[in-house]
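Student: What follows is a single structure, and I will ask about it in a moment.
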Amino acid sequence: MTLIGKMQEWPLTVNKVIEHAKLNYPRQRVITRTVEGPIVETNYAEIHDRAKQVSNALKADGIQMTDRVATLAWNTSRHMETWFGAMGIGSVLHTINPRLHPEQIAWIANDAEDKILFVDTTFLPLVEAVKDHLKTIEKFVIYCDADGMPETSLANAVSYEAYINGQSQDCVWGDFDENTPCGLCYTSGTTGNPKGVLYSHRSNVLHTLMTGMTDALGISIHDRVLPVVPMFHANAWGLTFTCPAVGAEMVMPGAQMDGASIYEMLTKYKVTTSAAVPTVWMMLLQHMEANNLELPDLTRVVIGGSAVPERILRTFQEKYGVEVGHAWGMTETSPLGTVGSLTPEQKKLSEEAQIACKLKQGRAPFGVEMKIVDDNGKELPRDGETSGHLLVRGMAIVDTYYKGAGADGGSILDKDGFFDTGDVANIDENGFMQITDRSKDVIKSGGEWISSIDLENIAVGHPKVANAAAIGIYHPKWDERPLLIIQMNEGETATKEEILKQLEGKIAKWWTPDDVAFVDSIPLGATGKINKLALREQFKDYKLPTA
Ligand code: ADP
C-alpha cells in the first residue's frame with residue numbers, strides 16, 4: 001500500500017481569507033472614497049457579513065457554481081463585498097477593465113457569458129451605450145444606495161443596497177474543490193481579442209501566501225495600504241486578498257486617482273504602503289513638488305506594470321525616504337512574478353550600485369520559476385547580460401486561457417510547462433531579473449536588439465520631459481532604427497540635441513535614436529502603459545533623416 005501524508009485536507013478557497021479576517025481582525029478598517037464623494041469606513045467583519053448577503057442575493061437570482069458574475073467598478077469596499085460574496089459560493093468574479101474600448105467590453109462580457117453585472121454609477125453611460133450588444137447579462141446591480149438610484153435605460157436594474165437589503169448573513173461558503181474557478185480577468189489584448197485568465201481558488205490562495213512574504217509585498221497588520229492599482233487590473237496585484245489575510249487596513253481611492261486626491265488619502269489616513277503603475281506616481285510626485293508637500297507616514301511603494309523610471313525611484317527614496325519595491329508581473333501570473341527586494345550582498349554595495357539593482361525587476365518569490373531562452377527555445381545563461389525570451393512556471397501561473405484561446409488547438413506552454421511571457425529579459429546568477437523589452441517592442445537594428453525601455457527611462461530622467469517612448473522605424477540599411485518620441489512637461493520646450501544629450505554616455509553609442517519627435521501627448525493603454533501599437537500606427541509613414 002502506498003503511504004500518503006497524514007495531515008488534514010483544508011481546501012485552499014479564498015472565502016477562508018475573509019473568514020480569517022473577520023475572526024482575527026474584525027475591526028481593522030477598510031476606508032473608501034465613494035464614487036459619490038464622501039469617505040466612508042467599514043471593517044473586515046462588516047465586509048464579511050455583507051458579502052454573505054451578496055451571496056444570498058446571487059443565489060436568489062439563480063447564480064450557481066462557476067457562473068460568471070461581472071463587475072465594472074473602482075476600488076471600494078462594496079466591490080470587495082461583491083468579490084467575496086460571489087467567490088464564496090463558487091461563482092466566478094469577473095473584473096472588467098472599464099478603460100477598454102466599449103466594443104471590447106461588450107465582447108468580453110459576451111465571451112465570459114456574464115450573467116449579472118455590478119456597476120459603478122460612473123460607468124452607467126458606458127454600459128447603456130453597449131447594452132444592446134450584451135447577450136448574456138440578465139441583471140444590473142448599480143453601486144448606490146436604495147434612494148440614490150440614478151435614471152437608467154438599463155432593463156432590470158437595481159441599486160446595490162436594495163439588492164442585498166434583507167438578505168441573511170448566513171450562508172455556506174467554500175465546501176468545494178480548491179481547483180474551482182474563482183476569478184476571471186482578461187489581458188489587455190493589444191494584439192487581437194483579449195484572452196481570459198481563469199484563476200482558481202487554490203492559485204489565488206497560494207498567490208496570497210506568496211505576496212504576504214516579507215520580501216514580496218512586505219505588508220503586515222501594522223500597515224495601512226492604499227491600492228491605487230485597480231481591482232480590475234489583475235486583482236489589484238493581489239492586495240484584495242493579501243490585506244485581509246495579514247490584517248492590514250485598506251484605503252480605497254474609488255474613482256479619484258489624480259495626484260491631489262491620492263495625496264489626500266495617503267496623508268489623511270496615514271497610509272504606510274501603496275501600489276500603483278509609474279504614471280500614477282508621476283502625477284503624485286508632480287503634485288507634491290508643485291505644492292511643496294511631504295509624505296510623513298508612507299514607508300514603501302510597490303511600483304510595477306511597466307518599468308520604474310530612475311527619476312521616480314530616486315525621488316521617492318532620496319527626497320521622501322520612501323522605499324521602492326519594483327515589481328514585475330502580468331495578468332497571467334496572478335500577477336506577481338518578481339520583486340526587486342535586495343539581497344544581503346546587494347545591500348553592501350554603494351548607494352549608486354543599489355539604485356542600479358533596484359531598477360531591475362527583481363527576484364522570483366518562492367512559487368515562481370523563471371528561465372530565459374533563445375528563439376529556438378534553448379535555455380540561455382544566467383549571467384546578467386545575455387537576454388532572451390522570459391519564460392515562467394509556477395503555482396499561480398496560467399496553464400490554459402479561458403475557452404482555450406490563443407493556443408491554436410495546442411498548448412500555450414513549452415514542453416517543460418513554461419509559459420512565454422512575451423518579455424525579453426536577462427537573469428543574473430543570483431536570480432535577479434531585468435526586463436529589457438517586450439518581444440514585440442524590441443528595436444532590431446542590424447541584427448542586434450536595442451532596449452526601448454532603457455531609452456525611455458533615461459529620457460524621462462530629463463527634468464523637462466513628461467513621458468518618452470522609443471519605437472523602431474524602418475531603415476534601409478539597419479532594418480530598424482530607434483525613434484524617440486517625447487512629451488514635454490506643460491509649457492516646456494527642448495531641442496532634439498538637448499534630448500539626445502540626456503542619453504549621452506548612458507547607452508552604447510549605436511543605440512542613440514536616429515531622430516526625436518515631439519508630441520502633445522503619448523497615448524496610454526487601458527492599464528496606464530504606453531500604447532506602442534497606437535504610436536507605431538501614428539508613425540508608420542515616418543521617414544528617419546538617416547534613411
Ligand atoms: P497587467 O495587466 O498586470 O499589467 P499585462 O498582462 O497587461 O499585465 O501586462 C504585463 C506586461 O507588463 C508584462 O509582460 C511586461 O511587459 C509589462 N510589465 C509589468 N511590470 C513591469 C515592470 N516592472 N517592468 C517592465 N515591464 C513590466
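Every chain in the C-alpha cells takes a letter, A first, then B, and so on in the order presented; its residues are numbered from 1, and the ligands are numbered from 1 following the presented order.
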Which protein, DNA or RNA residues have an atom within 6 Å of ligand 1, counting only C-alpha atoms and all ligand atoms, as number ranges by chain?
Tutor: A: 187-188, 233-234, 304-307, 326-331, 335, 361, 421, 423, 435, 438
Student: I need the residues from that last selection saved to file as a short mmCIF file (atom, residue, chain, number, x, y, z; two decimals), in the first residue's frame (with C-alpha atoms), if you can.
Tutor:
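Result written to result-v3.cif:
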data_model
loop_
_atom_site.label_atom_id
_atom_site.label_comp_id
_atom_site.auth_asym_id
_atom_site.auth_seq_id
_atom_site.Cartn_x
_atom_site.Cartn_y
_atom_site.Cartn_z
CA THR A 187 -5.49 40.51 -20.70
CA SER A 188 -5.44 43.93 -22.32
CA HIS A 233 -6.02 45.22 -13.01
CA ALA A 234 -5.01 41.67 -12.05
CA GLY A 304 5.01 47.76 -11.42
CA GLY A 305 3.05 47.29 -14.62
CA SER A 306 5.86 48.97 -16.51
CA ALA A 307 9.48 49.67 -15.68
CA HIS A 326 9.91 47.37 -8.08
CA ALA A 327 7.63 44.53 -9.16
CA TRP A 328 7.08 42.73 -12.42
CA GLY A 329 4.19 40.55 -13.39
CA MET A 330 1.25 40.09 -15.68
CA THR A 331 -2.40 39.06 -15.63
CA PRO A 335 0.08 38.86 -11.23
CA GLN A 361 12.61 43.92 -11.96
CA THR A 421 5.65 35.99 -21.07
CA ASP A 423 9.01 39.81 -22.43
CA ILE A 435 13.28 43.23 -18.40
CA ARG A 438 8.59 43.28 -24.74
#
Student: What's the 9 Å shell around Tyr542 in chain A, counting only C-alpha atoms, without same-chain residues fewer than 2 positions away, as a ChimeraX atom specification?
Tutor: /A:473-474,538-540,544
Student: Excluding Trp107 in chain A and its own-chain neighbours fewer than 3 positions away, which residues fall within 12 Å of it when counting only C-alpha atoms? Please give them as a PyMOL selection string.
Tutor: chain A and resi 96+100-104+110-114+130-136+186+189+192-196
Student: Residues near Ile39 in chain A, anyone? I mean within 12 Å using only C-alpha atoms, not counting same-chain ones fewer than 4 positions away, as a list in words.
Tutor: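 Skipping anything fewer than 4 positions along the chain leaves Val30, Ile31, Thr32, Arg33, Thr34, Val35, Thr76, Ser77, Val251, Met252, Pro253, Gly254, Ala255, Gln256, Ser261, Glu264, Met265, Lys268 and Tyr269 of chain A.
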Student: Write the residues of the preceding selection, restricted to N, CA, C and O atoms, as a PDB file, in the first residue's frame.
Tutor:
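Produced file out_23.pdb, reproduced below:
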ATOM      1  N   VAL A  30     -11.580  49.260   6.494  1.00  0.00           N
ATOM      2  CA  VAL A  30     -11.456  49.485   5.050  1.00  0.00           C
ATOM      3  C   VAL A  30     -12.136  50.825   4.793  1.00  0.00           C
ATOM      4  O   VAL A  30     -13.324  50.992   5.029  1.00  0.00           O
ATOM      5  N   ILE A  31     -11.317  51.785   4.374  1.00  0.00           N
ATOM      6  CA  ILE A  31     -11.797  53.161   4.194  1.00  0.00           C
ATOM      7  C   ILE A  31     -11.938  53.411   2.697  1.00  0.00           C
ATOM      8  O   ILE A  31     -11.044  53.084   1.920  1.00  0.00           O
ATOM      9  N   THR A  32     -13.062  53.983   2.300  1.00  0.00           N
ATOM     10  CA  THR A  32     -13.301  54.166   0.862  1.00  0.00           C
ATOM     11  C   THR A  32     -13.706  55.591   0.542  1.00  0.00           C
ATOM     12  O   THR A  32     -14.578  56.147   1.215  1.00  0.00           O
ATOM     13  N   ARG A  33     -13.083  56.145  -0.490  1.00  0.00           N
ATOM     14  CA  ARG A  33     -13.642  57.380  -1.059  1.00  0.00           C
ATOM     15  C   ARG A  33     -14.712  56.911  -2.040  1.00  0.00           C
ATOM     16  O   ARG A  33     -14.405  56.289  -3.061  1.00  0.00           O
ATOM     17  N   THR A  34     -15.968  57.183  -1.704  1.00  0.00           N
ATOM     18  CA  THR A  34     -17.054  56.676  -2.546  1.00  0.00           C
ATOM     19  C   THR A  34     -17.100  57.433  -3.861  1.00  0.00           C
ATOM     20  O   THR A  34     -16.582  58.551  -3.971  1.00  0.00           O
ATOM     21  N   VAL A  35     -17.730  56.811  -4.815  1.00  0.00           N
ATOM     22  CA  VAL A  35     -17.867  57.441  -6.119  1.00  0.00           C
ATOM     23  C   VAL A  35     -18.692  58.719  -5.989  1.00  0.00           C
ATOM     24  O   VAL A  35     -18.464  59.705  -6.687  1.00  0.00           O
ATOM     25  N   THR A  76     -13.460  49.847  -4.084  1.00  0.00           N
ATOM     26  CA  THR A  76     -14.319  50.303  -2.982  1.00  0.00           C
ATOM     27  C   THR A  76     -14.630  49.095  -2.102  1.00  0.00           C
ATOM     28  O   THR A  76     -14.421  47.945  -2.520  1.00  0.00           O
ATOM     29  N   SER A  77     -15.154  49.364  -0.898  1.00  0.00           N
ATOM     30  CA  SER A  77     -15.500  48.246  -0.017  1.00  0.00           C
ATOM     31  C   SER A  77     -16.673  47.456  -0.583  1.00  0.00           C
ATOM     32  O   SER A  77     -16.752  46.237  -0.415  1.00  0.00           O
ATOM     33  N   VAL A 251      -7.117  51.427   2.319  1.00  0.00           N
ATOM     34  CA  VAL A 251      -7.638  52.752   2.000  1.00  0.00           C
ATOM     35  C   VAL A 251      -7.909  52.744   0.494  1.00  0.00           C
ATOM     36  O   VAL A 251      -6.991  52.641  -0.311  1.00  0.00           O
ATOM     37  N   MET A 252      -9.188  52.794   0.151  1.00  0.00           N
ATOM     38  CA  MET A 252      -9.590  52.611  -1.248  1.00  0.00           C
ATOM     39  C   MET A 252      -9.857  53.956  -1.918  1.00  0.00           C
ATOM     40  O   MET A 252     -10.656  54.751  -1.427  1.00  0.00           O
ATOM     41  N   PRO A 253      -9.214  54.199  -3.065  1.00  0.00           N
ATOM     42  CA  PRO A 253      -9.302  55.529  -3.677  1.00  0.00           C
ATOM     43  C   PRO A 253     -10.571  55.794  -4.474  1.00  0.00           C
ATOM     44  O   PRO A 253     -10.782  56.918  -4.919  1.00  0.00           O
ATOM     45  N   GLY A 254     -11.420  54.773  -4.691  1.00  0.00           N
ATOM     46  CA  GLY A 254     -12.610  54.993  -5.520  1.00  0.00           C
ATOM     47  C   GLY A 254     -12.225  55.455  -6.899  1.00  0.00           C
ATOM     48  O   GLY A 254     -11.267  54.945  -7.488  1.00  0.00           O
ATOM     49  N   ALA A 255     -12.937  56.466  -7.415  1.00  0.00           N
ATOM     50  CA  ALA A 255     -12.728  56.874  -8.811  1.00  0.00           C
ATOM     51  C   ALA A 255     -11.639  57.930  -8.966  1.00  0.00           C
ATOM     52  O   ALA A 255     -11.257  58.258 -10.078  1.00  0.00           O
ATOM     53  N   GLN A 256     -11.138  58.464  -7.837  1.00  0.00           N
ATOM     54  CA  GLN A 256     -10.215  59.598  -7.958  1.00  0.00           C
ATOM     55  C   GLN A 256      -8.753  59.213  -7.770  1.00  0.00           C
ATOM     56  O   GLN A 256      -8.321  58.887  -6.661  1.00  0.00           O
ATOM     57  N   SER A 261      -5.834  63.931  -5.077  1.00  0.00           N
ATOM     58  CA  SER A 261      -6.733  63.006  -4.373  1.00  0.00           C
ATOM     59  C   SER A 261      -5.950  61.894  -3.693  1.00  0.00           C
ATOM     60  O   SER A 261      -6.236  61.523  -2.550  1.00  0.00           O
ATOM     61  N   GLU A 264      -4.189  63.260  -0.685  1.00  0.00           N
ATOM     62  CA  GLU A 264      -5.120  63.468   0.431  1.00  0.00           C
ATOM     63  C   GLU A 264      -5.361  62.151   1.190  1.00  0.00           C
ATOM     64  O   GLU A 264      -5.283  62.111   2.423  1.00  0.00           O
ATOM     65  N   MET A 265      -5.605  61.073   0.447  1.00  0.00           N
ATOM     66  CA  MET A 265      -5.870  59.789   1.103  1.00  0.00           C
ATOM     67  C   MET A 265      -4.617  59.282   1.827  1.00  0.00           C
ATOM     68  O   MET A 265      -4.694  58.726   2.926  1.00  0.00           O
ATOM     69  N   LYS A 268      -4.166  61.813   5.025  1.00  0.00           N
ATOM     70  CA  LYS A 268      -5.297  61.834   5.954  1.00  0.00           C
ATOM     71  C   LYS A 268      -5.387  60.517   6.734  1.00  0.00           C
ATOM     72  O   LYS A 268      -5.701  60.506   7.912  1.00  0.00           O
ATOM     73  N   TYR A 269      -5.104  59.411   6.057  1.00  0.00           N
ATOM     74  CA  TYR A 269      -5.254  58.106   6.714  1.00  0.00           C
ATOM     75  C   TYR A 269      -3.919  57.454   7.053  1.00  0.00           C
ATOM     76  O   TYR A 269      -3.857  56.265   7.324  1.00  0.00           O
TER      77      TYR A 269
END
Student: From the options A:Met395, A:Asp383, A:Ala466, A:Tyr25, which residue's atoms come nearest to Asp428 in chain A, counting only C-alpha atoms?
Tutor: A:Asp383
Student: Restricting the calculation to only C-alpha atoms: of A:Val141, A:Ala106, A:Ile47, A:Leu500, which residue gets closest to Val460 in chain A?
Tutor: A:Leu500
Student: So which one's closest to Val158 in chain A, A:Asn376, A:Asp145, A:Thr71, A:Ile63? Using only C-alpha atoms, please.
Tutor: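 Of A:Asn376, A:Asp145, A:Thr71, A:Ile63, the one nearest Val158 in chain A is A:Asp145, counting only C-alpha atoms.
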Student: Just the residues within 9 Å of range 523-532 of chain A, please, counting only C-alpha atoms, with nothing from its chain fewer than 2 positions along; format it as a PyMOL selection string.
Tutor: chain A and resi 97-101+188+190+229-230+233+277-280+305-306+441+468-471+521+534-537
Student: Between A:Gly404, A:Pro26, A:Pro181, A:Gly367, which one has atoms that come closest to Pro244 in chain A, using only C-alpha atoms?
Tutor: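 Of all the options, A:Pro26 lies closest to Pro244 in chain A.
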Student: Using only C-alpha atoms, which residue out of A:Ile453, A:Ala459, A:Cys144, A:Leu154 lies closest to Gly37 in chain A?
Tutor: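 Closest residue, counting only C-alpha atoms: A:Cys144.
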Student: Of the residues A:Leu217, A:Met65, A:Met257, A:Leu12, which is the one nearest to Gly325 in chain A, using only C-alpha atoms?
Tutor: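 Smallest separation from Gly325 in chain A among the options: A:Leu217.
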Student: What gap, in Å, lies between CA of Glu289 in chain A and CA of Lys319 in chain A?
Tutor: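 If I compute the distance from CA of Glu289 in chain A to CA of Lys319 in chain A, I get 10.2 Å.
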Student: Could you pull the residues within 7 Å of Val373 in chain A, counting only C-alpha atoms, minus those fewer than 2 positions along the same chain, as an NGL selection string?
Tutor: :A and (371 or 375 or 377-380 or 388-390)
Student: Give me the residues within 8 Å of Ala216 in chain A as a PDB file with all heavy atoms, in the first residue's frame, counting only C-alpha atoms and dropping any in the same chain fewer than 2 places off.
Tutor:
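Result written to out16.pdb:
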ATOM      1  N   MET A 210       2.106  33.929  -1.120  1.00  0.00           N
ATOM      2  CA  MET A 210       3.351  34.375  -1.735  1.00  0.00           C
ATOM      3  C   MET A 210       3.528  35.891  -1.581  1.00  0.00           C
ATOM      4  O   MET A 210       4.595  36.369  -1.176  1.00  0.00           O
ATOM      5  CB  MET A 210       3.312  33.988  -3.216  1.00  0.00           C
ATOM      6  CG  MET A 210       4.544  34.249  -3.975  1.00  0.00           C
ATOM      7  SD  MET A 210       4.366  33.544  -5.618  1.00  0.00           S
ATOM      8  CE  MET A 210       3.695  34.923  -6.474  1.00  0.00           C
ATOM      9  N   THR A 211       2.469  36.637  -1.876  1.00  0.00           N
ATOM     10  CA  THR A 211       2.592  38.100  -1.783  1.00  0.00           C
ATOM     11  C   THR A 211       2.754  38.546  -0.333  1.00  0.00           C
ATOM     12  O   THR A 211       3.311  39.612  -0.066  1.00  0.00           O
ATOM     13  CB  THR A 211       1.355  38.823  -2.369  1.00  0.00           C
ATOM     14  OG1 THR A 211       0.183  38.256  -1.779  1.00  0.00           O
ATOM     15  CG2 THR A 211       1.289  38.682  -3.869  1.00  0.00           C
ATOM     16  N   GLY A 212       2.283  37.720   0.602  1.00  0.00           N
ATOM     17  CA  GLY A 212       2.384  38.078   2.011  1.00  0.00           C
ATOM     18  C   GLY A 212       3.770  37.872   2.598  1.00  0.00           C
ATOM     19  O   GLY A 212       4.020  38.247   3.746  1.00  0.00           O
ATOM     20  N   MET A 213       4.678  37.301   1.835  1.00  0.00           N
ATOM     21  CA  MET A 213       6.039  37.096   2.350  1.00  0.00           C
ATOM     22  C   MET A 213       6.744  38.458   2.464  1.00  0.00           C
ATOM     23  O   MET A 213       6.538  39.352   1.646  1.00  0.00           O
ATOM     24  CB  MET A 213       6.823  36.152   1.449  1.00  0.00           C
ATOM     25  CG  MET A 213       6.252  34.732   1.475  1.00  0.00           C
ATOM     26  SD  MET A 213       7.323  33.478   0.745  1.00  0.00           S
ATOM     27  CE  MET A 213       7.169  33.805  -0.978  1.00  0.00           C
ATOM     28  N   THR A 214       7.592  38.556   3.469  1.00  0.00           N
ATOM     29  CA  THR A 214       8.220  39.852   3.776  1.00  0.00           C
ATOM     30  C   THR A 214       8.934  40.463   2.572  1.00  0.00           C
ATOM     31  O   THR A 214       8.805  41.656   2.307  1.00  0.00           O
ATOM     32  CB  THR A 214       9.232  39.679   4.922  1.00  0.00           C
ATOM     33  OG1 THR A 214       8.554  39.012   5.978  1.00  0.00           O
ATOM     34  CG2 THR A 214       9.754  41.020   5.406  1.00  0.00           C
ATOM     35  N   GLY A 218       5.618  42.719   1.398  1.00  0.00           N
ATOM     36  CA  GLY A 218       6.135  43.232   2.664  1.00  0.00           C
ATOM     37  C   GLY A 218       5.122  43.963   3.520  1.00  0.00           C
ATOM     38  O   GLY A 218       5.463  44.952   4.166  1.00  0.00           O
ATOM     39  N   THR A 338       7.977  38.915  -9.967  1.00  0.00           N
ATOM     40  CA  THR A 338       9.228  39.225  -9.257  1.00  0.00           C
ATOM     41  C   THR A 338       9.061  40.508  -8.448  1.00  0.00           C
ATOM     42  O   THR A 338       8.191  41.320  -8.742  1.00  0.00           O
ATOM     43  CB  THR A 338      10.414  39.492 -10.223  1.00  0.00           C
ATOM     44  OG1 THR A 338      10.098  40.626 -11.035  1.00  0.00           O
ATOM     45  CG2 THR A 338      10.728  38.298 -11.088  1.00  0.00           C
ATOM     46  N   VAL A 339       9.908  40.658  -7.437  1.00  0.00           N
ATOM     47  CA  VAL A 339      10.014  41.924  -6.704  1.00  0.00           C
ATOM     48  C   VAL A 339      11.495  42.211  -6.492  1.00  0.00           C
ATOM     49  O   VAL A 339      12.280  41.300  -6.220  1.00  0.00           O
ATOM     50  CB  VAL A 339       9.341  41.869  -5.311  1.00  0.00           C
ATOM     51  CG1 VAL A 339       9.331  43.266  -4.679  1.00  0.00           C
ATOM     52  CG2 VAL A 339       7.919  41.353  -5.393  1.00  0.00           C
ATOM     53  N   SER A 341      13.412  43.175  -4.170  1.00  0.00           N
ATOM     54  CA  SER A 341      13.942  43.305  -2.801  1.00  0.00           C
ATOM     55  C   SER A 341      15.404  42.889  -2.825  1.00  0.00           C
ATOM     56  O   SER A 341      15.735  41.803  -3.300  1.00  0.00           O
ATOM     57  CB  SER A 341      13.195  42.391  -1.836  1.00  0.00           C
ATOM     58  OG  SER A 341      11.829  42.613  -1.921  1.00  0.00           O
ATOM     59  N   PRO A 365       9.762  35.298  -6.092  1.00  0.00           N
ATOM     60  CA  PRO A 365       9.470  34.727  -4.776  1.00  0.00           C
ATOM     61  C   PRO A 365       9.259  33.222  -4.909  1.00  0.00           C
ATOM     62  O   PRO A 365       9.067  32.723  -6.033  1.00  0.00           O
ATOM     63  CB  PRO A 365       8.168  35.421  -4.370  1.00  0.00           C
ATOM     64  CG  PRO A 365       7.573  35.953  -5.615  1.00  0.00           C
ATOM     65  CD  PRO A 365       8.664  36.095  -6.638  1.00  0.00           C
TER      66      PRO A 365
END
Student: Select from range 323-484 of chain A everything DSSP, run on the backbone, classes as helix (DSSP H, G or I), then give the selection as a list in words.
Tutor: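 Restricting range 323-484 of chain A to helix (DSSP H, G or I) produces Thr331, Glu332, Thr333, Pro344, Glu345, Gln346, Lys347, Glu351, Glu352, Ala353, Gln354, Ile355, Ala356, Cys357, Lys358, Tyr402, Lys403, Gly404, Ser452, Ile453, Asp454, Leu455, Glu456, Asn457, Ile458 and Ala459 of chain A.
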